[in-house]
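Asks: Just dropping this structure here.
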Amino acid sequence: MPTNDKLTLKFRCPRELEGYLPRPVPAAQGVPDWLKAMPAKAFSSINLRDEETVKRCPPFVDAMTHGFLLPLICDLKVENGEITWDNDIPPGGELDFPRSPIGFHDPGQVTGTPIFDAGRFFMKFHNLWAIEAPEGYAVYFTHPANRFDLPFTTLTGLVNCDVYTDTWVHFPAHWHDRNFSGVLPKGTPIAQCIPVKRDSWTAQTSVFTAEETKRVHEFRNELGRQHDLYRKNFRP
């Protein structure tokens with residue numbers, strides 16, 4: 001375990017791939033251009049005034065900037081339903097690893113799911129970084145948060161990366177945009193990984209007490225007066 005206050009998620013790759021693979025990046029450094037460019041306020045046709053956009057919504061942005069993003073290892077060219085690539089990573093040496101950026105699953109593996117499509121292969125992004133989490137932590141792998149602009153959707157999975165550390169975790173994905181034509185560039189985020197501590201939880205339900213009802217009423221009134229209250233007071 002690290003001796004400072006920061007926990008460390010370790011990413012390791014075969015020696016032959018050093019300098020060839022784009023490195024994982026903190027999600028805060030991978031904010032898409034459309035979020036940077038969008039206005040903080042826009043006119044509401046319902047309320048007939050300028051109101052804040054999701055750019056000013058802390059939970060929306062915090063989800064996008066939490067954890068780490070794993071990048072596509074090379075350009076993918078998509079044309080007429082075909083995917084091609086030109087990958088310059090060297091062949092395996094001491095370790096064998098896939099040189100292709102993607103692989104495929106038989107569609108039968110998602111039989112019974114809403115994404116099953118008979119006769120259409122199910123794709124998988126290859127990730128060549130082995131990932132090690134601190135003891136007691138798993139890693140939650142999912143589609144990059146709020147990245148509706150991407151032509152695929154990465155499936156979500158939870159991996160015990162504190163013990164499952166000596167191989168790769170690849171990412172099955174549903175290519176949902178059949179009309180996409182062009183290049184998906186090297187470095188495009190293919191998955192977001194968020195360390196989560198394994199704990200045992202139970203659920204408890206109850207009704208508000210009189211004191212809790214008073215607090216909720218007062219707090220909601222304060223939220224109405226200060227629209228940026230959460231941003232100022234409830235974020236680290």
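How things are named: the first chain in the structure tokens is A, the next is B, and so on; residues count from 1 in each chain; ligands count from 1 in the order shown.
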Using 12 Å as the limit and counting only C-alpha atoms, can you tabulate each residue of range 44-91 of chain A that touches range 10-15 of chain A, with its shortest atom-to-atom distance in Å and the two atoms involved, as a Markdown table?
Replies:
| residue | atom | partner | partner_atom | distance |
| --- | --- | --- | --- | --- |
| A:Phe68 | CA | A:Phe11 | CA | 10.7 |
| A:Leu69 | CA | A:Phe11 | CA | 11.7 |
| A:Leu70 | CA | A:Phe11 | CA | 10.2 |
| A:Ile89 | CA | A:Pro14 | CA | 11.2 |
| A:Pro90 | CA | A:Arg15 | CA | 10.4 |
| A:Pro91 | CA | A:Pro14 | CA | 10.7 |
Asks: For Pro101 in chain A, which residue out of A:His66, A:Lys55, A:Arg120, A:His170 is the nearest one, using only C-alpha atoms?
Replies: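 Closest to Pro101 in chain A of all the choices is A:His170.
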Asks: With a distance cut-off of 10 Å and only C-alpha atoms, select the neighbouring residues of Cys193 in chain A, excluding the residue or stretch itself and same-chain residues fewer than 6 positions from it, and output the selection as a list in words.
Replies: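 That gives Leu9, Pro24, Pro26, Ala27, His66, Gly67, Phe68, Leu69, Leu70, Ile131, Ala138, Val139, Tyr140, Phe141, Thr142, His143, Pro144, Thr156, Gly157 and Leu158 of chain A.
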Asks: Quick one, how far is CA of Arg225 in chain A from CA of Ala63 in chain A?
Replies: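 Distance between the two atoms: 25.3 Å.
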Asks: Show me, as a list of chain:residue names, the residues that have an atom within 7 Å of Cys74 in chain A when counting only C-alpha atoms, minus same-chain residues fewer than 2 positions from it.
Replies: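 Neighbouring residues, sequence-local ones excluded: A:Leu72, A:Leu76, A:Asn87, A:Pro101, A:Pro185, A:Lys186.
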Asks: Arg147 in chain A: which residues within 9 Å, counting only C-alpha atoms, same-chain residues fewer than 6 positions away excluded, as a PDB file with N, CA and C atoms, in the first residue's frame?
Replies:
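Full text of out-v4.pdb as output:
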ATOM      1  N   PRO A  32     -14.098  15.682 -23.212  1.00  0.00           N
ATOM      2  CA  PRO A  32     -14.243  15.859 -24.663  1.00  0.00           C
ATOM      3  C   PRO A  32     -14.368  17.331 -25.056  1.00  0.00           C
ATOM      4  N   MET A  64     -17.812  12.267 -15.308  1.00  0.00           N
ATOM      5  CA  MET A  64     -16.927  12.208 -16.474  1.00  0.00           C
ATOM      6  C   MET A  64     -15.454  12.348 -16.103  1.00  0.00           C
ATOM      7  N   THR A 153     -20.824   1.418 -27.533  1.00  0.00           N
ATOM      8  CA  THR A 153     -21.089   1.444 -26.094  1.00  0.00           C
ATOM      9  C   THR A 153     -20.344   0.282 -25.463  1.00  0.00           C
TER      10      THR A 153
END
Asks: Check the smallest atom-to-atom distance from each of A:Lys124, A:Lys36, A:Lys77, A:Arg56 to Tyr230 in chain A using only C-alpha atoms, then report the winner.
Replies: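 Smallest distance to Tyr230 in chain A is found for A:Arg56.
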